[in-house]
file target_5.cif (mmCIF, C-alpha atoms)
data_final
loop_
_atom_site.label_atom_id
_atom_site.label_comp_id
_atom_site.auth_asym_id
_atom_site.auth_seq_id
_atom_site.Cartn_x
_atom_site.Cartn_y
_atom_site.Cartn_z
CA MET Y 195 -25.98 -48.83 -37.71
CA PRO Y 196 -26.95 -51.22 -34.92
CA ASP Y 197 -25.95 -54.86 -35.08
CA GLU Y 198 -27.55 -57.55 -37.22
CA SER Y 199 -30.02 -58.75 -34.61
CA ALA Y 200 -31.83 -55.43 -34.59
CA ARG Y 201 -35.55 -54.91 -34.16
CA PRO Y 202 -37.23 -52.25 -36.32
CA ILE Y 203 -39.19 -49.60 -34.42
CA ALA Y 204 -42.39 -47.99 -35.70
CA LYS Y 205 -42.33 -44.28 -36.43
CA GLY Y 206 -42.98 -42.03 -33.43
CA GLN Y 207 -42.60 -44.93 -30.98
CA LEU Y 208 -39.83 -45.39 -28.43
CA SER Y 209 -37.65 -48.46 -28.73
CA MET Y 210 -38.59 -49.79 -25.26
CA ASP Y 211 -41.43 -49.64 -22.80
CA GLU Y 212 -40.88 -47.74 -19.55
CA THR Y 213 -40.25 -50.81 -17.37
CA ALA Y 214 -37.66 -52.25 -19.74
CA PHE Y 215 -36.03 -48.86 -20.02
CA ARG Y 216 -35.76 -48.50 -16.24
CA ALA Y 217 -34.02 -51.86 -16.00
CA PHE Y 218 -31.69 -50.97 -18.87
CA TYR Y 219 -30.98 -47.56 -17.33
CA ASP Y 220 -30.20 -49.05 -13.92
CA GLU Y 221 -27.81 -51.47 -15.53
CA THR Y 222 -26.00 -49.08 -17.85
CA SER Y 223 -26.23 -45.53 -16.49
CA ARG Y 224 -23.35 -45.84 -14.00
CA PRO Y 225 -20.80 -47.32 -16.41
CA LEU Y 226 -21.88 -44.94 -19.15
CA PHE Y 227 -21.61 -41.95 -16.84
CA ALA Y 228 -18.19 -43.11 -15.64
CA TYR Y 229 -17.06 -43.38 -19.27
CA LEU Y 230 -18.39 -39.95 -20.20
CA LEU Y 231 -17.03 -38.32 -17.06
CA ARG Y 232 -13.55 -39.83 -17.22
CA VAL Y 233 -13.14 -39.25 -20.95
CA SER Y 234 -14.71 -35.79 -21.25
CA GLY Y 235 -13.48 -34.56 -17.88
CA GLU Y 236 -16.53 -32.31 -17.45
CA ARG Y 237 -19.32 -33.30 -15.12
CA ALA Y 238 -22.00 -31.05 -16.65
CA LEU Y 239 -21.10 -32.23 -20.12
CA ALA Y 240 -21.15 -35.86 -18.99
CA GLU Y 241 -24.65 -35.42 -17.52
CA ASP Y 242 -25.93 -33.77 -20.70
CA LEU Y 243 -24.41 -36.46 -22.86
CA LEU Y 244 -25.84 -39.18 -20.66
CA GLN Y 245 -29.40 -37.92 -21.13
CA ASP Y 246 -28.93 -37.26 -24.82
CA SER Y 247 -27.49 -40.73 -25.35
CA TYR Y 248 -30.54 -42.41 -23.81
CA CYS Y 249 -32.94 -40.14 -25.73
CA ARG Y 250 -31.20 -41.00 -29.00
CA PHE Y 251 -31.18 -44.66 -28.05
CA LEU Y 252 -34.91 -44.62 -27.31
CA SER Y 253 -35.78 -42.88 -30.54
CA ALA Y 254 -33.53 -45.09 -32.68
CA LYS Y 255 -35.21 -46.83 -35.61
CA LEU Y 256 -33.31 -50.10 -35.10
CA VAL Y 257 -32.31 -51.32 -31.67
CA PRO Y 258 -30.32 -54.55 -31.11
CA GLU Y 259 -32.23 -57.32 -29.35
CA ASP Y 260 -29.21 -58.79 -27.60
CA ALA Y 261 -28.25 -57.14 -24.28
CA ARG Y 262 -24.53 -56.98 -25.07
CA HIS Y 263 -25.11 -55.39 -28.49
CA ARG Y 264 -27.64 -53.01 -27.00
CA ARG Y 265 -25.07 -51.81 -24.46
CA ASN Y 266 -22.44 -51.41 -27.18
CA TYR Y 267 -24.94 -49.48 -29.26
CA LEU Y 268 -25.57 -47.10 -26.35
CA PHE Y 269 -21.83 -46.51 -25.92
CA ARG Y 270 -21.53 -45.92 -29.64
CA ILE Y 271 -24.23 -43.23 -29.48
CA ALA Y 272 -22.49 -41.64 -26.48
CA SER Y 273 -19.11 -41.66 -28.24
CA ASN Y 274 -20.60 -40.06 -31.34
CA LEU Y 275 -22.33 -37.39 -29.30
CA MET Y 276 -19.12 -36.65 -27.43
CA ARG Y 277 -17.24 -36.34 -30.73
CA ASP Y 278 -19.94 -34.01 -32.11
CA ARG Y 279 -19.73 -31.80 -29.03
CA TRP Y 280 -15.98 -31.49 -29.31
CA ARG Y 281 -16.21 -30.71 -32.99
CA SER Y 282 -18.81 -28.00 -32.46
CA LYS Y 283 -16.83 -26.58 -29.54
CA LYS Y 284 -13.71 -26.59 -31.64
CA GLY Y 285 -15.49 -24.92 -34.53
CA LYS Y 286 -17.02 -22.17 -32.41
CA ALA Y 287 -14.18 -21.24 -30.13
CA GLU Y 288 -11.30 -22.40 -32.30
CA VAL Y 289 -9.63 -23.93 -29.28
CA PRO Y 290 -8.03 -27.37 -29.04
CA LEU Y 291 -10.00 -30.28 -27.62
CA PRO Y 292 -9.93 -30.64 -23.83
CA GLU Y 293 -6.98 -32.98 -23.83
CA SER Y 294 -6.32 -32.42 -20.18
CA LEU Y 295 -8.89 -32.87 -17.47
CA PRO Y 296 -10.02 -29.93 -15.34
CA ASP Y 297 -8.67 -30.09 -11.79
CA THR Y 298 -11.98 -29.71 -9.98
CA GLU Y 299 -14.24 -32.01 -11.93
CA ILE Y 300 -12.95 -35.52 -11.45
CA SER Y 301 -13.12 -37.32 -8.17
CA ALA Y 302 -12.95 -40.99 -7.26
CA HIS Y 303 -13.88 -42.70 -4.02
CA ASP Y 304 -10.42 -42.37 -2.49
CA PRO Y 305 -8.90 -38.84 -2.51
CA ASP Y 306 -5.32 -40.13 -2.93
CA LEU Y 307 -6.34 -42.47 -5.68
CA ASN Y 308 -8.35 -39.65 -7.22
CA MET Y 309 -5.23 -37.51 -7.46
CA GLU Y 310 -3.27 -40.35 -9.02
CA ILE Y 311 -5.96 -41.19 -11.57
CA GLN Y 312 -6.54 -37.54 -12.39
CA GLU Y 313 -2.90 -36.69 -12.89
CA THR Y 314 -2.22 -39.81 -14.87
CA LEU Y 315 -5.19 -39.38 -17.19
CA GLN Y 316 -4.13 -35.79 -17.84
CA GLY Y 317 -1.19 -37.17 -19.72
CA LEU Y 318 -3.43 -38.85 -22.29
CA LYS Y 319 -5.30 -37.46 -25.26
CA VAL Y 320 -9.10 -37.69 -25.37
CA ARG Y 321 -8.97 -40.29 -28.11
CA GLU Y 322 -6.51 -42.38 -26.10
CA ARG Y 323 -8.70 -42.24 -23.00
CA GLN Y 324 -11.67 -43.26 -25.11
CA LEU Y 325 -9.87 -46.23 -26.68
CA LEU Y 326 -8.47 -47.49 -23.41
CA TRP Y 327 -11.78 -47.18 -21.63
CA LEU Y 328 -13.73 -49.03 -24.28
CA ALA Y 329 -11.12 -51.78 -24.52
CA TYR Y 330 -10.25 -52.38 -20.90
CA VAL Y 331 -13.28 -51.26 -18.91
CA GLU Y 332 -16.05 -52.14 -21.33
CA GLY Y 333 -14.18 -55.09 -22.82
CA ALA Y 334 -15.10 -54.04 -26.35
CA SER Y 335 -13.52 -55.84 -29.30
CA HIS Y 336 -11.43 -53.94 -31.86
CA LYS Y 337 -14.37 -53.95 -34.28
CA GLU Y 338 -16.71 -52.57 -31.63
CA ILE Y 339 -14.18 -49.87 -30.72
CA ALA Y 340 -13.84 -48.97 -34.41
CA ASP Y 341 -17.63 -48.70 -34.72
CA SER Y 342 -17.87 -46.51 -31.63
CA THR Y 343 -15.02 -44.19 -32.43
CA GLY Y 344 -15.31 -43.99 -36.20
CA LEU Y 345 -11.73 -45.18 -36.64
CA LYS Y 346 -10.64 -47.98 -38.94
CA ALA Y 347 -10.70 -51.41 -37.33
CA ALA Y 348 -7.23 -52.15 -38.66
CA SER Y 349 -5.74 -49.15 -36.89
CA ILE Y 350 -7.25 -49.89 -33.47
CA ARG Y 351 -4.62 -52.44 -32.50
CA ALA Y 352 -1.74 -50.02 -33.10
CA LEU Y 353 -3.51 -47.05 -31.52
CA LEU Y 354 -4.46 -49.11 -28.52
CA PHE Y 355 -0.92 -50.35 -28.13
CA ARG Y 356 0.45 -46.80 -28.14
CA ALA Y 357 -2.19 -45.51 -25.72
CA ARG Y 358 -1.70 -48.47 -23.38
CA HIS Y 359 2.06 -48.15 -23.47
CA LYS Y 360 1.79 -44.45 -22.73
CA LEU Y 361 -0.59 -45.00 -19.83
CA ALA Y 362 1.54 -47.82 -18.40
CA GLY Y 363 4.50 -45.45 -18.51
CA LEU Y 364 2.51 -42.74 -16.79
CA ILE Y 365 1.30 -45.14 -14.10
CA GLY Y 366 4.84 -46.33 -13.48
CA ARG Y 367 6.18 -42.79 -13.31
CA GLY Y 368 3.36 -41.74 -10.97
CA ARG Y 369 4.11 -44.60 -8.59
CA ARG Y 370 7.83 -43.93 -8.64
CA ASP Y 371 7.12 -40.27 -7.85
CA LEU Y 372 4.96 -41.26 -4.90
CA ASP Y 373 7.42 -43.78 -3.52
CA PRO Y 374 10.96 -43.88 -4.95
CA LYS Y 375 11.60 -47.28 -3.31
CA VAL Y 376 8.80 -48.98 -5.25
CA ASP Y 377 10.19 -51.21 -7.94
CA ILE Y 378 7.75 -51.47 -10.84
CA MET Q 175 8.22 -47.43 -31.26
CA ASN Q 176 8.28 -51.19 -31.74
CA GLU Q 177 4.74 -52.43 -31.42
CA GLN Q 178 4.45 -55.63 -29.47
CA HIS Q 179 1.32 -57.71 -29.81
CA CYS Q 180 0.04 -60.87 -28.24
CA GLU Q 181 -2.59 -63.05 -29.84
CA LYS Q 182 -4.29 -63.46 -26.47
CA GLU Q 183 -4.41 -59.70 -25.84
CA GLN Q 184 -8.10 -59.27 -26.75
CA GLU Q 185 -9.04 -62.42 -24.90
CA VAL Q 186 -7.29 -61.18 -21.75
CA ALA Q 187 -8.91 -57.72 -22.03
CA ALA Q 188 -12.39 -59.20 -22.51
CA ALA Q 189 -11.92 -61.66 -19.63
CA LEU Q 190 -10.70 -58.91 -17.30
CA ALA Q 191 -13.56 -56.59 -18.27
CA SER Q 192 -16.20 -59.26 -17.77
CA GLY Q 193 -14.67 -60.42 -14.49
CA ALA Q 194 -14.51 -64.00 -15.79
CA CYS Q 195 -10.74 -64.31 -15.68
CA ASP Q 196 -9.58 -67.90 -15.11
CA THR Q 197 -6.19 -69.01 -13.76
CA GLU Q 198 -4.82 -69.88 -17.19
CA ILE Q 199 -5.48 -66.42 -18.59
CA LEU Q 200 -4.19 -64.77 -15.42
CA ASN Q 201 -0.97 -66.82 -15.49
CA HIS Q 202 -0.44 -65.93 -19.13
CA ALA Q 203 -1.11 -62.24 -18.39
CA ARG Q 204 1.54 -62.22 -15.66
CA LYS Q 205 4.18 -63.83 -17.86
CA CYS Q 206 3.48 -62.04 -21.15
CA ALA Q 207 4.93 -58.51 -21.46
CA VAL Q 208 1.99 -57.24 -23.54
CA CYS Q 209 -0.71 -58.81 -21.40
CA SER Q 210 0.89 -57.71 -18.13
CA GLU Q 211 0.64 -54.16 -19.45
CA VAL Q 212 -3.02 -54.84 -20.23
CA LEU Q 213 -3.43 -56.09 -16.66
CA LEU Q 214 -1.80 -52.98 -15.20
CA VAL Q 215 -3.84 -50.55 -17.32
CA ARG Q 216 -7.06 -52.43 -16.72
CA GLU Q 217 -6.54 -52.35 -12.94
CA PHE Q 218 -5.83 -48.63 -13.03
CA LEU Q 219 -8.90 -47.83 -15.13
CA ARG Q 220 -11.11 -50.08 -13.02
CA GLU Q 221 -10.34 -47.86 -10.05
CA GLY Q 222 -11.33 -44.87 -12.13
CA ALA Q 223 -14.58 -46.56 -13.09
CA GLN Q 224 -15.68 -46.86 -9.48
CA LEU Q 225 -17.48 -43.62 -8.98
CA ALA Q 226 -17.84 -42.02 -5.60
CA ALA Q 227 -21.28 -41.93 -4.03
CA HIS Q 228 -21.61 -38.16 -4.40
CA GLU Q 229 -20.84 -38.45 -8.11
CA ILE Q 230 -23.74 -40.80 -8.66
CA GLU Q 231 -26.35 -39.18 -6.42
CA ASN Q 232 -26.96 -36.33 -8.87
CA LEU Q 233 -27.21 -38.62 -11.86
CA PRO Q 234 -30.25 -37.78 -14.00
CA ASP Q 235 -33.26 -39.90 -13.02
CA ALA Q 236 -34.55 -42.64 -15.35
CA THR Q 237 -38.08 -41.14 -15.26
CA LEU Q 238 -36.78 -37.73 -16.26
CA THR Q 239 -34.82 -39.23 -19.14
CA TRP Q 240 -37.83 -41.29 -20.20
CA ARG Q 241 -40.07 -38.20 -20.25
CA LYS Q 242 -37.48 -36.21 -22.15
CA ALA Q 243 -37.26 -38.99 -24.74
CA GLN Q 244 -41.04 -39.09 -25.03
CA ALA Q 245 -41.21 -35.32 -25.52
CA MET Q 246 -38.48 -35.52 -28.14
CA ALA Q 247 -40.29 -38.34 -29.97
CA ARG Q 248 -43.54 -36.33 -29.93
CA GLU Q 249 -41.74 -33.27 -31.24
CA LYS Q 250 -40.17 -35.32 -34.02
CA ALA Q 251 -43.49 -36.91 -34.97
CA LEU Q 252 -45.19 -33.52 -35.05
CA ALA Q 253 -42.44 -32.05 -37.21
CA ARG Q 254 -42.74 -35.00 -39.60
CA ALA Q 255 -46.53 -34.78 -39.72
CA THR Q 256 -46.63 -31.07 -40.36
CA LEU Q 257 -43.93 -31.21 -43.02
CA PRO Q 258 -46.45 -31.25 -45.96
CA ILE Q 259 -48.28 -28.29 -44.46
CA ARG Q 260 -45.07 -26.34 -44.07
CA ALA Q 261 -44.03 -27.28 -47.60
CA VAL Q 262 -47.38 -26.10 -49.01
CA ARG Q 263 -47.09 -22.89 -47.00
CA ILE Q 264 -43.64 -22.21 -48.44
CA VAL Q 265 -44.88 -22.93 -51.99
CA ALA Q 266 -47.87 -20.65 -51.41
CA CYS Q 267 -45.63 -17.87 -50.14
CA ALA Q 268 -43.32 -18.25 -53.14
CA ALA Q 269 -46.28 -18.22 -55.52
CA GLY Q 270 -47.61 -15.12 -53.76
CA VAL Q 271 -44.29 -13.34 -54.10
CA LEU Q 272 -44.07 -14.25 -57.80
CA ALA Q 273 -47.67 -13.27 -58.48
CA ALA Q 274 -47.55 -9.95 -56.66
CA PRO Q 275 -45.77 -7.94 -59.42
CA LEU Q 276 -48.10 -9.45 -62.01
CA MET Q 277 -51.11 -8.48 -59.96
CA VAL Q 278 -49.83 -4.94 -59.60
CA LEU Q 279 -49.34 -4.68 -63.35
CA GLU Q 280 -52.65 -6.24 -64.18
CA SER Q 281 -54.59 -4.22 -61.61
CA ARG Q 282 -54.39 -1.20 -63.91
CA ARG Q 283 -56.84 -2.95 -66.22
CA PRO Q 284 -60.53 -3.40 -65.32
CA TRP Q 285 -61.37 -6.75 -63.59
CA PRO Q 286 -63.56 -8.45 -66.25
CA GLN Q 287 -60.88 -7.84 -68.80
CA LEU Q 288 -58.22 -9.17 -66.42
CA THR Q 289 -59.95 -12.50 -65.76
CA ASP Q 290 -60.67 -12.89 -69.44
CA VAL Q 291 -57.05 -12.29 -70.40
CA TRP Q 292 -55.80 -14.58 -67.66
CA LEU Q 293 -58.01 -17.52 -68.60
CA ARG Q 294 -57.43 -17.16 -72.33
CA ASN Q 295 -53.68 -16.97 -71.84
CA LEU Q 296 -53.48 -20.20 -69.86
CA SER Q 297 -52.33 -22.28 -72.78
CA PHE Q 298 -52.28 -25.53 -70.80
CA THR Q 299 -55.91 -25.31 -69.68
CA SER Q 300 -56.93 -23.98 -73.10
CA ARG Q 301 -55.56 -27.09 -74.70
CA LEU Q 302 -57.29 -29.40 -72.22
CA TRP Q 303 -60.71 -27.82 -72.22
CA PRO Q 304 -62.77 -25.79 -74.63
CA SER Q 305 -62.42 -22.10 -73.79
CA GLY Q 306 -66.02 -21.85 -72.64
CA SER Q 307 -65.61 -24.45 -69.91
CA ASN Q 308 -62.23 -23.20 -68.65
CA GLU Q 309 -63.61 -20.99 -65.92
CA LEU Q 310 -65.75 -23.75 -64.44
CA ALA Q 311 -62.97 -26.37 -64.72
CA LEU Q 312 -60.50 -24.08 -63.00
CA LEU Q 313 -62.96 -23.38 -60.21
CA LEU Q 314 -63.51 -27.11 -59.74
CA ALA Q 315 -59.78 -27.83 -59.74
CA ILE Q 316 -59.11 -25.18 -57.10
CA THR Q 317 -61.97 -26.48 -54.91
CA GLY Q 318 -60.68 -30.03 -55.32
CA ALA Q 319 -57.15 -29.03 -54.41
CA ILE Q 320 -58.33 -27.23 -51.28
CA LEU Q 321 -60.40 -30.25 -50.26
CA CYS Q 322 -57.46 -32.60 -50.86
CA ILE Q 323 -55.11 -30.43 -48.77
CA GLY Q 324 -57.65 -30.33 -45.95
CA LEU Q 325 -58.29 -34.07 -46.01
CA SER Q 326 -54.62 -35.03 -46.24
CA SER Q 327 -53.75 -32.67 -43.37
CA TRP Q 328 -56.49 -34.25 -41.26
CA TYR Q 329 -55.22 -37.74 -42.16
CA ILE Q 330 -51.64 -36.95 -41.21
CA LEU Q 331 -52.49 -35.09 -38.00
CA ARG Q 332 -55.21 -37.43 -36.71
CA ASP Q 333 -52.81 -39.45 -34.48
CA VAL Q 334 -50.70 -36.58 -33.20
#
call {"tool": "encode", "arguments": {"input": "target_5.cif", "output": "structure tokens"}}
result
Amino acid sequence: MPDESARPIAKGQLSMDETAFRAFYDETSRPLFAYLLRVSGERALAEDLLQDSYCRFLSAKLVPEDARHRRNYLFRIASNLMRDRWRSKKGKAEVPLPESLPDTEISAHDPDLNMEIQETLQGLKVRERQLLWLAYVEGASHKEIADSTGLKAASIRALLFRARHKLAGLIGRGRRDLDPKVDI
Amino acid sequence: MNEQHCEKEQEVAAALASGACDTEILNHARKCAVCSEVLLVREFLREGAQLAAHEIENLPDATLTWRKAQAMAREKALARATLPIRAVRIVACAAGVLAAPLMVLESRRPWPQLTDVWLRNLSFTSRLWPSGSNELALLLAITGAILCIGLSSWYILRDV
């Protein structure tokens, strides 16, 4: 459910007009795509999920009025769609979730940095990547993370601590591997 | 694993994410073991969030997404509007399937006798109307039902 300050939408109507949507899209598409790409690790899947997230958002019955809540709501839709995809994939192929990222899909602006980010993120589970991204890139509160991920709000703190600690360890190890003289 | 927490942890994370990190928060983050870890992880993920130009150039266009959403909304509205029609069609098919064996059995008898037996055996209509007026009442009810279905379908579909 969207947040309290939500505006009801009439049946068959989209939640925004085209101009407002364009502005919202320009503001949110890059961070949302980055989130989907880094967490899912598949470019094609991230593109599909991006479009589906906006379509769901536009056809939602209640859309938050406030910009911050609206953005959180969009990320919540994207997280739910990503979870649904993994579940259906898991059900069909009976294979584990893509916990590690494919080698060819992810690329950042700097090739060296890309390698570091890629290798480091490979050491995390999907859920951990999701939690860390929402908390430290999107700046979402524990309650917002719980809403997005479907986890209990009380467990977010502990899960986040473990994921953060794990990633910090991986970052430290990665840097030591690159330069043994570096003292972290 | 001993879980360490800091009461300012969420505040630091939110400030870093929003880019509104003041000196006080930054100083705390550098001193505090938990928050310095937050700082390290945040910095690492921020680099990952900066997408390369070639990654963004093929991003689906806003217009395309808008049109897709419109098409989806239209499809949804149409499905909702035609729901009563589909429901009636299913009921009609089921009634047809149920009536077929009866029709086959009854077809062995001559038609006048069949209609007579059918009308007389409808206990519900027999109770409501005198037997003489049953045929006319039934005809009127069927005509009324067909008219109602037609009008309601027109009403639902008029905006689609």
call {"tool": "closest_atom_pairs", "arguments": {"input": "target_5.cif", "of": "chain Q", "to": "chain Y", "cutoff": "8 Å", "atoms": "only C-alpha atoms", "output": "Markdown table"}}
result
| residue | atom | partner | partner_atom | distance |
| --- | --- | --- | --- | --- |
| Q:Glu177 | CA | Y:Phe355 | CA | 6.9 |
| Q:Gln178 | CA | Y:Phe355 | CA | 7.6 |
| Q:His179 | CA | Y:Phe355 | CA | 7.9 |
| Q:Gln184 | CA | Y:Ser335 | CA | 6.9 |
| Q:Ala187 | CA | Y:Tyr330 | CA | 5.6 |
| Q:Ala188 | CA | Y:Gly333 | CA | 4.5 |
| Q:Ala189 | CA | Y:Gly333 | CA | 7.6 |
| Q:Leu190 | CA | Y:Tyr330 | CA | 7.5 |
| Q:Ala191 | CA | Y:Gly333 | CA | 4.8 |
| Q:Ser192 | CA | Y:Gly333 | CA | 6.9 |
| Q:Glu211 | CA | Y:Ala362 | CA | 6.5 |
| Q:Val212 | CA | Y:Arg358 | CA | 7.2 |
| Q:Leu214 | CA | Y:Ala362 | CA | 6.9 |
| Q:Val215 | CA | Y:Ala362 | CA | 6.1 |
| Q:Arg216 | CA | Y:Tyr330 | CA | 5.3 |
| Q:Phe218 | CA | Y:Ile311 | CA | 7.6 |
| Q:Leu219 | CA | Y:Val331 | CA | 6.7 |
| Q:Arg220 | CA | Y:Val331 | CA | 6.4 |
| Q:Glu221 | CA | Y:Ala302 | CA | 7.9 |
| Q:Gly222 | CA | Y:Ala302 | CA | 6.4 |
| Q:Ala223 | CA | Y:Ala228 | CA | 5.6 |
| Q:Gln224 | CA | Y:Ala302 | CA | 6.8 |
| Q:Leu225 | CA | Y:Ala302 | CA | 5.5 |
| Q:Ala226 | CA | Y:His303 | CA | 4.3 |
| Q:Ala227 | CA | Y:His303 | CA | 7.4 |
| Q:Glu229 | CA | Y:Ser301 | CA | 7.8 |
| Q:Ile230 | CA | Y:Arg224 | CA | 7.4 |
| Q:Leu233 | CA | Y:Glu241 | CA | 7.0 |
| Q:Pro234 | CA | Y:Glu241 | CA | 7.0 |
| Q:Ala236 | CA | Y:Arg216 | CA | 6.0 |
| Q:Thr237 | CA | Y:Arg216 | CA | 7.8 |
| Q:Thr239 | CA | Y:Gln245 | CA | 5.9 |
| Q:Trp240 | CA | Y:Glu212 | CA | 7.2 |
| Q:Lys242 | CA | Y:Cys249 | CA | 7.0 |
| Q:Ala243 | CA | Y:Cys249 | CA | 4.6 |
| Q:Gln244 | CA | Y:Leu208 | CA | 7.3 |
| Q:Met246 | CA | Y:Cys249 | CA | 7.6 |
| Q:Ala247 | CA | Y:Gly206 | CA | 5.7 |
| Q:Arg248 | CA | Y:Gly206 | CA | 6.7 |
| Q:Lys250 | CA | Y:Gly206 | CA | 7.3 |
| Q:Ala251 | CA | Y:Gly206 | CA | 5.4 |
call {"tool": "atom_distance", "arguments": {"input": "target_5.cif", "atom1": "atom CA of Thr222 of chain Y", "atom2": "atom CA of Arg265 of chain Y"}}
result
7.2 Å
call {"tool": "atom_distance", "arguments": {"input": "target_5.cif", "atom1": "atom CA of Gly318 of chain Q", "atom2": "atom CA of Val278 of chain Q"}}
result
27.7 Å
call {"tool": "atom_distance", "arguments": {"input": "target_5.cif", "atom1": "atom CA of Gly317 of chain Y", "atom2": "atom CA of Arg277 of chain Y"}}
result
19.5 Å
call {"tool": "resolve_selection", "arguments": {"input": "target_5.cif", "expression": "the PyMOL selection byres ((chain Q and resi 327) around 12)", "output": "VMD selection string"}}
result
chain Q and resid 252 254 to 262 320 to 326 328 to 334
call {"tool": "residues_around", "arguments": {"input": "target_5.cif", "residues": "segment 344-347 of chain Y", "least_positions_apart": "4", "cutoff": "12 Å", "atoms": "all atoms listed in the file", "output": "PDB file with C-alpha atoms, in the coordinates of the input"}}
result
ATOM      1  CA  MET Y 195     -25.980 -48.830 -37.710  1.00  0.00           C
ATOM      2  CA  ARG Y 270     -21.530 -45.920 -29.640  1.00  0.00           C
ATOM      3  CA  ILE Y 271     -24.230 -43.230 -29.480  1.00  0.00           C
ATOM      4  CA  SER Y 273     -19.110 -41.660 -28.240  1.00  0.00           C
ATOM      5  CA  ASN Y 274     -20.600 -40.060 -31.340  1.00  0.00           C
ATOM      6  CA  LEU Y 275     -22.330 -37.390 -29.300  1.00  0.00           C
ATOM      7  CA  ARG Y 277     -17.240 -36.340 -30.730  1.00  0.00           C
ATOM      8  CA  ASP Y 278     -19.940 -34.010 -32.110  1.00  0.00           C
ATOM      9  CA  ARG Y 321      -8.970 -40.290 -28.110  1.00  0.00           C
ATOM     10  CA  GLN Y 324     -11.670 -43.260 -25.110  1.00  0.00           C
ATOM     11  CA  LEU Y 325      -9.870 -46.230 -26.680  1.00  0.00           C
ATOM     12  CA  SER Y 335     -13.520 -55.840 -29.300  1.00  0.00           C
ATOM     13  CA  HIS Y 336     -11.430 -53.940 -31.860  1.00  0.00           C
ATOM     14  CA  LYS Y 337     -14.370 -53.950 -34.280  1.00  0.00           C
ATOM     15  CA  GLU Y 338     -16.710 -52.570 -31.630  1.00  0.00           C
ATOM     16  CA  ILE Y 339     -14.180 -49.870 -30.720  1.00  0.00           C
ATOM     17  CA  ALA Y 340     -13.840 -48.970 -34.410  1.00  0.00           C
ATOM     18  CA  ARG Y 351      -4.620 -52.440 -32.500  1.00  0.00           C
ATOM     19  CA  ALA Y 352      -1.740 -50.020 -33.100  1.00  0.00           C
ATOM     20  CA  LEU Y 353      -3.510 -47.050 -31.520  1.00  0.00           C
ATOM     21  CA  LEU Y 354      -4.460 -49.110 -28.520  1.00  0.00           C
TER      22      LEU Y 354
END
